[in-house]
Amino acid sequence: MHRLTNQVRPYAWGSTVAIPRLLGREPDGRPQAELWLGAHHGAPSMLCTADGRTTFDDLISSAPKDILGAHSVDRFGERLPFLLKVLAADAPLSLQAHPDAARARAGYAAEEAAGIPLDAHHRNYPDPHHKPELVLALEPFEALCGFRDPADARADLDGLTSELAGALRVDLSAPDPHRALRAALTRVLTLPCADRERLVGGFIAECEERAAAGIATGRHSGTVIELARRYPGDPGAVAALLLNRITLRPGEALFLPAGNVHAYLRGTAVEVMASSDNVLRAGLTGKHVDVPELLEVVDFSVLPVPYSPALSTDGHTEFRPGVGEFALAVLGPGRIDSRLPGGVPAIVLALDGSAELHTPHGTRLTLDRGESVFVPADTGGITVRGSGHLVAATTGD
């Protein structure tokens, strides 16, 4: 087992206190948005070994099938296939979607062939992998996720007379929900530059006037107004009208497959995902936005909110959304007496309290709040005992 030193990403939407509190550090007043635990080249963790600190790549290359397990190497190659994060949002993240595996490979290859640097501001595909992800709420967690029934979105436009509202009402009246949503989202995100400020401004002003007059406008209209105040003139605020507005309770999880349009709004959560940073953004951000590419990957299906069911096993809870790259085990909160299976790589993070990890070979390691460890596949099954709240990311099968 190897203790980890992890990197924090200081994105502007991040909380100034949540991650420092987890790590036992004094806040410095700057946003700390994501804590990354894994081997992705964007912010790789360092490991402590008997020979000193090393990188994931160096450790894996020393004995790939021992470190990752033969099945993982055969399926995903000599790389850690998952990435674990702690996400702390004080403001909305970008409106975004992720590509499927084929699109990610093609996009990465095209940008490599074009000579676009990996860290270029306008790069869409910094790696050739897809990015399905699961988010587990640690506190009430607000999000936009997937498309509403277009009839429900159209109903929220009742009484609005602005030009954009009228056009969207026509789009959302199409008999095929898929085509209705595609037309509406495409309209919002491709408004002509010369008209965008006027059209978006008129729509938002009318929503605000109705809210100020005490006219019931629904939760979605309130979200549109909130986003417009944070991102003036951004069409992404209007696009929020098309999406499900949800609140995850602590311990609830969402699984977001390729093509699901979403935006996290606020709260603290754990994320586990395929090890990728491929994000296609539609708005609500100062980062690169590529609307044509995003529209190519979006799934316009009207589907139930993709809550991920929790499974109880071996003294803990597991989330297994059916992807090979990752699964997430949750130990606690409270008394912990559990066993994590061997044969797969794992990253274990203590969110609260303290627990001891025991290997079959007699090795013992204590994890306190904010500490994390990488467990190679050849370590064998681990017994975990203590009191607190831990999460463990592993491969999915």
# chains A, B, ... in the order shown; residues from 1 in each chain; ligands from 1
>>> closest_atom_pairs(of="region 148-232 of chain A", to="region 283-294 of chain A", cutoff="10 Å", atoms="only C-alpha atoms", output="JSON lines")
{"residue": "A:Thr186", "atom": "CA", "partner": "A:Val291", "partner_atom": "CA", "distance": 8.6}
{"residue": "A:Leu189", "atom": "CA", "partner": "A:Val291", "partner_atom": "CA", "distance": 6.8}
{"residue": "A:Thr190", "atom": "CA", "partner": "A:Val291", "partner_atom": "CA", "distance": 7.5}
{"residue": "A:Leu227", "atom": "CA", "partner": "A:Leu284", "partner_atom": "CA", "distance": 7.7}
{"residue": "A:Ala228", "atom": "CA", "partner": "A:Leu284", "partner_atom": "CA", "distance": 8.8}
{"residue": "A:Arg230", "atom": "CA", "partner": "A:Leu284", "partner_atom": "CA", "distance": 8.3}
{"residue": "A:Tyr231", "atom": "CA", "partner": "A:Leu284", "partner_atom": "CA", "distance": 6.1}
{"residue": "A:Pro232", "atom": "CA", "partner": "A:Leu284", "partner_atom": "CA", "distance": 9.3}
>>> write_last_selection(atoms="C-alpha atoms", output="PDB file, in the first residue's frame")
ATOM      1  CA  THR A 186     -29.320  24.201 -31.152  1.00  0.00           C
ATOM      2  CA  LEU A 189     -26.518  27.775 -28.413  1.00  0.00           C
ATOM      3  CA  THR A 190     -26.162  29.086 -31.984  1.00  0.00           C
ATOM      4  CA  LEU A 227     -27.468  31.428 -13.919  1.00  0.00           C
ATOM      5  CA  ALA A 228     -28.062  34.571 -15.967  1.00  0.00           C
ATOM      6  CA  ARG A 230     -23.762  34.794 -12.714  1.00  0.00           C
ATOM      7  CA  TYR A 231     -23.133  34.649 -16.461  1.00  0.00           C
ATOM      8  CA  PRO A 232     -24.766  37.736 -18.039  1.00  0.00           C
TER       9      PRO A 232
END
>>> residues_around(residues="region 76-90 of chain A", least_positions_apart="6", cutoff="8 Å", atoms="only C-alpha atoms", output="count of residues only")
39
>>> closest_atom_pairs(of="region 285-391 of chain A", to="region 136-148 of chain A", cutoff="9 Å", atoms="only C-alpha atoms", output="tab-separated table")
residue	atom	partner	partner_atom	distance
A:Asp299	CA	A:Gly146	CA	8.6
A:Phe300	CA	A:Phe147	CA	6.9
A:Ser301	CA	A:Phe147	CA	7.0
A:Val302	CA	A:Phe147	CA	5.4
A:Leu303	CA	A:Phe147	CA	7.0
A:Pro304	CA	A:Gly146	CA	8.2
A:Val305	CA	A:Gly146	CA	6.9
A:Pro306	CA	A:Gly146	CA	8.3
>>> atom_distance(atom1="CA of Leu340 (chain A)", atom2="CA of His361 (chain A)")
14.7 Å
>>> residues_around(residues="Asp195 (chain A)", least_positions_apart="6", cutoff="12 Å", atoms="only C-alpha atoms", output="list in words")
Glu163, Leu164, Val188, Gly201, Gly202, Gly233 and Pro235 of chain A
>>> write_last_selection(atoms="N, CA, C and O atoms", output="PDB file, in the first residue's frame")
ATOM      1  N   GLU A 163     -39.157  37.346 -28.052  1.00  0.00           N
ATOM      2  CA  GLU A 163     -38.919  36.700 -29.343  1.00  0.00           C
ATOM      3  C   GLU A 163     -38.326  35.308 -29.180  1.00  0.00           C
ATOM      4  O   GLU A 163     -38.734  34.348 -29.850  1.00  0.00           O
ATOM      5  N   LEU A 164     -37.354  35.175 -28.276  1.00  0.00           N
ATOM      6  CA  LEU A 164     -36.716  33.877 -28.077  1.00  0.00           C
ATOM      7  C   LEU A 164     -37.690  32.876 -27.467  1.00  0.00           C
ATOM      8  O   LEU A 164     -37.712  31.703 -27.858  1.00  0.00           O
ATOM      9  N   VAL A 188     -30.727  27.850 -29.078  1.00  0.00           N
ATOM     10  CA  VAL A 188     -30.192  28.643 -27.972  1.00  0.00           C
ATOM     11  C   VAL A 188     -28.678  28.815 -28.089  1.00  0.00           C
ATOM     12  O   VAL A 188     -28.147  29.915 -27.884  1.00  0.00           O
ATOM     13  N   GLY A 201     -31.074  38.691 -23.486  1.00  0.00           N
ATOM     14  CA  GLY A 201     -31.447  39.722 -22.522  1.00  0.00           C
ATOM     15  C   GLY A 201     -32.951  39.892 -22.407  1.00  0.00           C
ATOM     16  O   GLY A 201     -33.497  40.043 -21.304  1.00  0.00           O
ATOM     17  N   GLY A 202     -33.650  39.865 -23.550  1.00  0.00           N
ATOM     18  CA  GLY A 202     -35.101  39.997 -23.508  1.00  0.00           C
ATOM     19  C   GLY A 202     -35.765  38.823 -22.802  1.00  0.00           C
ATOM     20  O   GLY A 202     -36.725  39.008 -22.039  1.00  0.00           O
ATOM     21  N   GLY A 233     -25.662  37.411 -20.257  1.00  0.00           N
ATOM     22  CA  GLY A 233     -25.604  37.271 -21.701  1.00  0.00           C
ATOM     23  C   GLY A 233     -25.270  35.890 -22.208  1.00  0.00           C
ATOM     24  O   GLY A 233     -25.224  35.665 -23.426  1.00  0.00           O
ATOM     25  N   PRO A 235     -25.995  32.252 -23.325  1.00  0.00           N
ATOM     26  CA  PRO A 235     -27.170  31.459 -23.709  1.00  0.00           C
ATOM     27  C   PRO A 235     -27.327  30.185 -22.890  1.00  0.00           C
ATOM     28  O   PRO A 235     -28.427  29.625 -22.832  1.00  0.00           O
TER      29      PRO A 235
END
>>> closest_residue(among="A:Pro376, A:Gly251, A:Gly324, A:Pro92", to="Gly236 (chain A)", atoms="only C-alpha atoms")
A:Pro92
>>> residues_around(residues="Ala184 (chain A)", least_positions_apart="2", cutoff="6 Å", atoms="only C-alpha atoms", output="PyMOL selection string")
chain A and resi 168+171+181-182+186-187
>>> closest_residue(among="A:Asp368, A:Val391, A:Ile382, A:Gly166", to="Gly24 (chain A)", atoms="only C-alpha atoms")
A:Asp368
>>> select_by_dssp(residues="region 127-240 of chain A", states="helix (DSSP H, G or I)", output="PyMOL selection string")
chain A and resi 150-155+163-171+177-189+193-212+218-230+236-240
>>> write_last_selection(atoms="C-alpha atoms", output="compact mmCIF listing (two decimals), in the first residue's frame")
# COMPACT_ATOMS: atom_id res chain seq x y z
CA PRO A 150 -40.19 19.06 -24.04
CA ALA A 151 -43.86 19.50 -23.11
CA ASP A 152 -42.81 20.39 -19.55
CA ALA A 153 -40.23 22.88 -20.80
CA ARG A 154 -42.81 24.37 -23.17
CA ALA A 155 -45.27 24.79 -20.31
CA GLU A 163 -38.92 36.70 -29.34
CA LEU A 164 -36.72 33.88 -28.08
CA ALA A 165 -39.50 32.41 -25.94
CA GLY A 166 -41.79 32.32 -28.97
CA ALA A 167 -39.20 30.58 -31.12
CA LEU A 168 -38.49 28.00 -28.42
CA ARG A 169 -42.19 27.35 -27.98
CA VAL A 170 -42.36 26.41 -31.68
CA ASP A 171 -39.26 24.19 -31.43
CA PRO A 177 -39.24 14.80 -28.45
CA HIS A 178 -35.73 14.07 -29.73
CA ARG A 179 -36.10 16.51 -32.64
CA ALA A 180 -37.84 19.09 -30.44
CA LEU A 181 -34.99 19.15 -27.93
CA ARG A 182 -32.31 19.17 -30.61
CA ALA A 183 -33.97 22.14 -32.31
CA ALA A 184 -34.39 24.06 -29.06
CA LEU A 185 -30.85 23.50 -27.75
CA THR A 186 -29.32 24.20 -31.15
CA ARG A 187 -31.29 27.44 -31.40
CA VAL A 188 -30.19 28.64 -27.97
CA LEU A 189 -26.52 27.78 -28.41
CA CYS A 193 -23.66 37.03 -32.35
CA ALA A 194 -25.32 40.23 -33.55
CA ASP A 195 -28.63 39.25 -31.95
CA ARG A 196 -27.52 37.19 -28.96
CA GLU A 197 -27.40 39.93 -26.37
CA ARG A 198 -30.82 41.25 -27.38
CA LEU A 199 -32.52 37.84 -27.54
CA VAL A 200 -31.03 36.42 -24.35
CA GLY A 201 -31.45 39.72 -22.52
CA GLY A 202 -35.10 40.00 -23.51
CA PHE A 203 -35.84 36.44 -22.39
CA ILE A 204 -34.13 36.88 -19.02
CA ALA A 205 -35.69 40.28 -18.39
CA GLU A 206 -39.15 38.85 -18.91
CA CYS A 207 -38.43 35.97 -16.53
CA GLU A 208 -37.20 38.44 -13.92
CA GLU A 209 -40.23 40.68 -14.35
CA ARG A 210 -42.60 37.76 -13.80
CA ALA A 211 -40.66 36.62 -10.73
CA ALA A 212 -40.67 40.18 -9.28
CA GLY A 218 -41.42 27.23 -11.40
CA ARG A 219 -38.06 26.01 -10.22
CA HIS A 220 -36.53 25.96 -13.68
CA SER A 221 -37.23 29.61 -14.37
CA GLY A 222 -35.60 30.45 -11.04
CA THR A 223 -32.51 28.50 -12.09
CA VAL A 224 -32.41 30.35 -15.42
CA ILE A 225 -32.49 33.68 -13.58
CA GLU A 226 -29.78 32.59 -11.13
CA LEU A 227 -27.47 31.43 -13.92
CA ALA A 228 -28.06 34.57 -15.97
CA ARG A 229 -27.01 36.74 -13.02
CA ARG A 230 -23.76 34.79 -12.71
CA GLY A 236 -26.34 28.52 -21.45
CA ALA A 237 -28.59 30.08 -18.82
CA VAL A 238 -31.59 29.76 -21.14
CA ALA A 239 -30.59 26.18 -22.03
CA ALA A 240 -31.09 25.25 -18.37
>>> select_by_dssp(residues="region 269-394 of chain A", states="strand (DSSP E or B)", output="VMD selection string")
chain A and resid 269 to 274 280 to 283 307 311 to 313 316 to 319 327 to 340 346 to 358 364 to 368 372 to 375 382 to 394
>>> atom_distance(atom1="CA of His389 (chain A)", atom2="CA of Gly332 (chain A)")
4.6 Å
>>> atom_distance(atom1="CA of Lys131 (chain A)", atom2="CA of Pro10 (chain A)")
20.8 Å
>>> residues_around(residues="Thr49 (chain A)", least_positions_apart="2", cutoff="12 Å", atoms="only C-alpha atoms", output="PDB file with all heavy atoms, in the first residue's frame")
ATOM      1  N   MET A   1       0.853  -1.195   0.000  1.00  0.00           N
ATOM      2  CA  MET A   1       0.000   0.000   0.000  1.00  0.00           C
ATOM      3  C   MET A   1       0.885   1.240   0.000  1.00  0.00           C
ATOM      4  O   MET A   1       1.919   1.270   0.670  1.00  0.00           O
ATOM      5  CB  MET A   1      -0.908  -0.010   1.225  1.00  0.00           C
ATOM      6  CG  MET A   1      -1.932  -1.134   1.229  1.00  0.00           C
ATOM      7  SD  MET A   1      -3.126  -1.045   2.595  1.00  0.00           S
ATOM      8  CE  MET A   1      -2.063  -1.472   3.993  1.00  0.00           C
ATOM      9  N   HIS A   2       0.476   2.243  -0.728  1.00  0.00           N
ATOM     10  CA  HIS A   2       1.297   3.437  -0.920  1.00  0.00           C
ATOM     11  C   HIS A   2       0.472   4.689  -0.625  1.00  0.00           C
ATOM     12  O   HIS A   2      -0.552   4.939  -1.276  1.00  0.00           O
ATOM     13  CB  HIS A   2       1.815   3.500  -2.358  1.00  0.00           C
ATOM     14  CG  HIS A   2       2.528   2.267  -2.809  1.00  0.00           C
ATOM     15  ND1 HIS A   2       3.799   1.948  -2.382  1.00  0.00           N
ATOM     16  CD2 HIS A   2       2.116   1.257  -3.619  1.00  0.00           C
ATOM     17  CE1 HIS A   2       4.162   0.800  -2.925  1.00  0.00           C
ATOM     18  NE2 HIS A   2       3.159   0.360  -3.680  1.00  0.00           N
ATOM     19  N   ARG A   3       0.929   5.476   0.318  1.00  0.00           N
ATOM     20  CA  ARG A   3       0.244   6.737   0.605  1.00  0.00           C
ATOM     21  C   ARG A   3       0.376   7.670  -0.589  1.00  0.00           C
ATOM     22  O   ARG A   3       1.383   7.663  -1.301  1.00  0.00           O
ATOM     23  CB  ARG A   3       0.820   7.394   1.859  1.00  0.00           C
ATOM     24  CG  ARG A   3       0.486   6.641   3.144  1.00  0.00           C
ATOM     25  CD  ARG A   3       0.888   7.447   4.368  1.00  0.00           C
ATOM     26  NE  ARG A   3       0.612   6.723   5.601  1.00  0.00           N
ATOM     27  CZ  ARG A   3      -0.558   6.732   6.219  1.00  0.00           C
ATOM     28  NH1 ARG A   3      -1.559   7.453   5.719  1.00  0.00           N
ATOM     29  NH2 ARG A   3      -0.736   6.059   7.328  1.00  0.00           N
ATOM     30  N   LEU A   4      -0.657   8.499  -0.769  1.00  0.00           N
ATOM     31  CA  LEU A   4      -0.714   9.404  -1.912  1.00  0.00           C
ATOM     32  C   LEU A   4      -0.553  10.858  -1.486  1.00  0.00           C
ATOM     33  O   LEU A   4      -1.009  11.263  -0.421  1.00  0.00           O
ATOM     34  CB  LEU A   4      -2.055   9.257  -2.626  1.00  0.00           C
ATOM     35  CG  LEU A   4      -2.369   7.910  -3.278  1.00  0.00           C
ATOM     36  CD1 LEU A   4      -3.768   7.916  -3.863  1.00  0.00           C
ATOM     37  CD2 LEU A   4      -1.345   7.581  -4.356  1.00  0.00           C
ATOM     38  N   THR A   5       0.077  11.619  -2.359  1.00  0.00           N
ATOM     39  CA  THR A   5       0.061  13.081  -2.281  1.00  0.00           C
ATOM     40  C   THR A   5      -0.670  13.571  -3.525  1.00  0.00           C
ATOM     41  O   THR A   5      -0.269  13.253  -4.651  1.00  0.00           O
ATOM     42  CB  THR A   5       1.490  13.648  -2.249  1.00  0.00           C
ATOM     43  OG1 THR A   5       2.198  13.107  -1.147  1.00  0.00           O
ATOM     44  CG2 THR A   5       1.445  15.166  -2.130  1.00  0.00           C
ATOM     45  N   MET A  46       1.267  11.618  -6.485  1.00  0.00           N
ATOM     46  CA  MET A  46       2.555  10.985  -6.200  1.00  0.00           C
ATOM     47  C   MET A  46       2.356   9.917  -5.140  1.00  0.00           C
ATOM     48  O   MET A  46       1.462  10.031  -4.284  1.00  0.00           O
ATOM     49  CB  MET A  46       3.560  12.026  -5.716  1.00  0.00           C
ATOM     50  CG  MET A  46       3.893  13.106  -6.729  1.00  0.00           C
ATOM     51  SD  MET A  46       4.798  12.481  -8.176  1.00  0.00           S
ATOM     52  CE  MET A  46       6.375  12.027  -7.414  1.00  0.00           C
ATOM     53  N   LEU A  47       3.190   8.867  -5.194  1.00  0.00           N
ATOM     54  CA  LEU A  47       3.080   7.759  -4.259  1.00  0.00           C
ATOM     55  C   LEU A  47       4.330   7.653  -3.405  1.00  0.00           C
ATOM     56  O   LEU A  47       5.443   7.921  -3.870  1.00  0.00           O
ATOM     57  CB  LEU A  47       2.885   6.435  -4.997  1.00  0.00           C
ATOM     58  CG  LEU A  47       1.715   6.316  -5.954  1.00  0.00           C
ATOM     59  CD1 LEU A  47       2.171   6.635  -7.374  1.00  0.00           C
ATOM     60  CD2 LEU A  47       1.110   4.923  -5.912  1.00  0.00           C
ATOM     61  N   ASP A  51      11.307   3.106  -1.583  1.00  0.00           N
ATOM     62  CA  ASP A  51      12.459   3.778  -2.195  1.00  0.00           C
ATOM     63  C   ASP A  51      12.264   5.284  -2.311  1.00  0.00           C
ATOM     64  O   ASP A  51      13.072   5.971  -2.923  1.00  0.00           O
ATOM     65  CB  ASP A  51      12.717   3.194  -3.591  1.00  0.00           C
ATOM     66  CG  ASP A  51      13.051   1.706  -3.538  1.00  0.00           C
ATOM     67  OD1 ASP A  51      13.752   1.296  -2.598  1.00  0.00           O
ATOM     68  OD2 ASP A  51      12.578   0.970  -4.425  1.00  0.00           O
ATOM     69  N   GLY A  52      11.184   5.794  -1.737  1.00  0.00           N
ATOM     70  CA  GLY A  52      10.911   7.224  -1.803  1.00  0.00           C
ATOM     71  C   GLY A  52       9.683   7.527  -2.640  1.00  0.00           C
ATOM     72  O   GLY A  52       8.919   6.633  -3.003  1.00  0.00           O
ATOM     73  N   ARG A  53       9.490   8.797  -2.974  1.00  0.00           N
ATOM     74  CA  ARG A  53       8.322   9.205  -3.753  1.00  0.00           C
ATOM     75  C   ARG A  53       8.513   8.829  -5.214  1.00  0.00           C
ATOM     76  O   ARG A  53       9.618   8.925  -5.759  1.00  0.00           O
ATOM     77  CB  ARG A  53       8.110  10.717  -3.624  1.00  0.00           C
ATOM     78  CG  ARG A  53       7.455  11.115  -2.317  1.00  0.00           C
ATOM     79  CD  ARG A  53       7.650  12.595  -2.013  1.00  0.00           C
ATOM     80  NE  ARG A  53       7.241  13.475  -3.092  1.00  0.00           N
ATOM     81  CZ  ARG A  53       6.008  13.968  -3.243  1.00  0.00           C
ATOM     82  NH1 ARG A  53       5.071  13.658  -2.367  1.00  0.00           N
ATOM     83  NH2 ARG A  53       5.721  14.776  -4.235  1.00  0.00           N
ATOM     84  N   THR A  54       7.412   8.414  -5.853  1.00  0.00           N
ATOM     85  CA  THR A  54       7.465   8.054  -7.261  1.00  0.00           C
ATOM     86  C   THR A  54       6.149   8.410  -7.922  1.00  0.00           C
ATOM     87  O   THR A  54       5.178   8.788  -7.251  1.00  0.00           O
ATOM     88  CB  THR A  54       7.774   6.556  -7.442  1.00  0.00           C
ATOM     89  OG1 THR A  54       8.061   6.279  -8.811  1.00  0.00           O
ATOM     90  CG2 THR A  54       6.593   5.696  -6.993  1.00  0.00           C
ATOM     91  N   THR A  55       6.113   8.303  -9.229  1.00  0.00           N
ATOM     92  CA  THR A  55       4.896   8.578  -9.980  1.00  0.00           C
ATOM     93  C   THR A  55       4.117   7.283 -10.219  1.00  0.00           C
ATOM     94  O   THR A  55       4.676   6.183 -10.161  1.00  0.00           O
ATOM     95  CB  THR A  55       5.214   9.208 -11.338  1.00  0.00           C
ATOM     96  OG1 THR A  55       5.905   8.243 -12.149  1.00  0.00           O
ATOM     97  CG2 THR A  55       6.082  10.447 -11.170  1.00  0.00           C
ATOM     98  N   PHE A  56       2.845   7.421 -10.516  1.00  0.00           N
ATOM     99  CA  PHE A  56       2.036   6.260 -10.880  1.00  0.00           C
ATOM    100  C   PHE A  56       2.630   5.558 -12.089  1.00  0.00           C
ATOM    101  O   PHE A  56       2.714   4.327 -12.138  1.00  0.00           O
ATOM    102  CB  PHE A  56       0.598   6.680 -11.189  1.00  0.00           C
ATOM    103  CG  PHE A  56      -0.366   6.392 -10.068  1.00  0.00           C
ATOM    104  CD1 PHE A  56      -0.914   7.427  -9.339  1.00  0.00           C
ATOM    105  CD2 PHE A  56      -0.728   5.097  -9.767  1.00  0.00           C
ATOM    106  CE1 PHE A  56      -1.823   7.177  -8.313  1.00  0.00           C
ATOM    107  CE2 PHE A  56      -1.628   4.828  -8.745  1.00  0.00           C
ATOM    108  CZ  PHE A  56      -2.178   5.874  -8.011  1.00  0.00           C
ATOM    109  N   ASP A  58       5.681   5.346 -13.160  1.00  0.00           N
ATOM    110  CA  ASP A  58       6.877   4.572 -12.837  1.00  0.00           C
ATOM    111  C   ASP A  58       6.531   3.310 -12.054  1.00  0.00           C
ATOM    112  O   ASP A  58       7.095   2.237 -12.294  1.00  0.00           O
ATOM    113  CB  ASP A  58       7.871   5.420 -12.044  1.00  0.00           C
ATOM    114  CG  ASP A  58       8.591   6.441 -12.919  1.00  0.00           C
ATOM    115  OD1 ASP A  58       8.521   6.306 -14.163  1.00  0.00           O
ATOM    116  OD2 ASP A  58       9.192   7.377 -12.374  1.00  0.00           O
ATOM    117  N   LEU A  59       5.595   3.439 -11.104  1.00  0.00           N
ATOM    118  CA  LEU A  59       5.199   2.266 -10.338  1.00  0.00           C
ATOM    119  C   LEU A  59       4.548   1.229 -11.250  1.00  0.00           C
ATOM    120  O   LEU A  59       4.875   0.032 -11.182  1.00  0.00           O
ATOM    121  CB  LEU A  59       4.228   2.657  -9.226  1.00  0.00           C
ATOM    122  CG  LEU A  59       3.761   1.503  -8.324  1.00  0.00           C
ATOM    123  CD1 LEU A  59       4.904   0.995  -7.469  1.00  0.00           C
ATOM    124  CD2 LEU A  59       2.590   1.934  -7.452  1.00  0.00           C
ATOM    125  N   VAL A 373      -4.664   6.382   0.025  1.00  0.00           N
ATOM    126  CA  VAL A 373      -3.672   5.338  -0.220  1.00  0.00           C
ATOM    127  C   VAL A 373      -4.029   4.612  -1.507  1.00  0.00           C
ATOM    128  O   VAL A 373      -5.209   4.474  -1.858  1.00  0.00           O
ATOM    129  CB  VAL A 373      -3.625   4.350   0.970  1.00  0.00           C
ATOM    130  CG1 VAL A 373      -4.940   3.606   1.122  1.00  0.00           C
ATOM    131  CG2 VAL A 373      -2.467   3.369   0.839  1.00  0.00           C
ATOM    132  N   PHE A 374      -3.003   4.185  -2.238  1.00  0.00           N
ATOM    133  CA  PHE A 374      -3.194   3.322  -3.397  1.00  0.00           C
ATOM    134  C   PHE A 374      -2.863   1.896  -3.009  1.00  0.00           C
ATOM    135  O   PHE A 374      -1.820   1.629  -2.397  1.00  0.00           O
ATOM    136  CB  PHE A 374      -2.289   3.751  -4.552  1.00  0.00           C
ATOM    137  CG  PHE A 374      -2.332   2.798  -5.731  1.00  0.00           C
ATOM    138  CD1 PHE A 374      -3.494   2.659  -6.475  1.00  0.00           C
ATOM    139  CD2 PHE A 374      -1.225   2.037  -6.074  1.00  0.00           C
ATOM    140  CE1 PHE A 374      -3.550   1.781  -7.550  1.00  0.00           C
ATOM    141  CE2 PHE A 374      -1.268   1.155  -7.143  1.00  0.00           C
ATOM    142  CZ  PHE A 374      -2.439   1.033  -7.887  1.00  0.00           C
ATOM    143  N   VAL A 375      -3.767   0.986  -3.378  1.00  0.00           N
ATOM    144  CA  VAL A 375      -3.604  -0.425  -3.056  1.00  0.00           C
ATOM    145  C   VAL A 375      -3.430  -1.196  -4.361  1.00  0.00           C
ATOM    146  O   VAL A 375      -4.381  -1.301  -5.153  1.00  0.00           O
ATOM    147  CB  VAL A 375      -4.827  -0.970  -2.294  1.00  0.00           C
ATOM    148  CG1 VAL A 375      -4.586  -2.422  -1.885  1.00  0.00           C
ATOM    149  CG2 VAL A 375      -5.131  -0.108  -1.075  1.00  0.00           C
ATOM    150  N   PRO A 376      -2.231  -1.725  -4.659  1.00  0.00           N
ATOM    151  CA  PRO A 376      -2.041  -2.495  -5.890  1.00  0.00           C
ATOM    152  C   PRO A 376      -2.903  -3.751  -5.919  1.00  0.00           C
ATOM    153  O   PRO A 376      -3.306  -4.282  -4.877  1.00  0.00           O
ATOM    154  CB  PRO A 376      -0.554  -2.840  -5.850  1.00  0.00           C
ATOM    155  CG  PRO A 376       0.070  -1.805  -4.965  1.00  0.00           C
ATOM    156  CD  PRO A 376      -0.970  -1.519  -3.922  1.00  0.00           C
TER     157      PRO A 376
END
>>> residues_around(residues="region 105-117 of chain A", least_positions_apart="6", cutoff="6 Å", atoms="only C-alpha atoms", output="list in words")
Tyr125, Asp127 and Pro128 of chain A
>>> closest_residue(among="A:Leu95, A:Gln7, A:Ser162, A:Pro321", to="Ser45 (chain A)", atoms="only C-alpha atoms")
A:Gln7
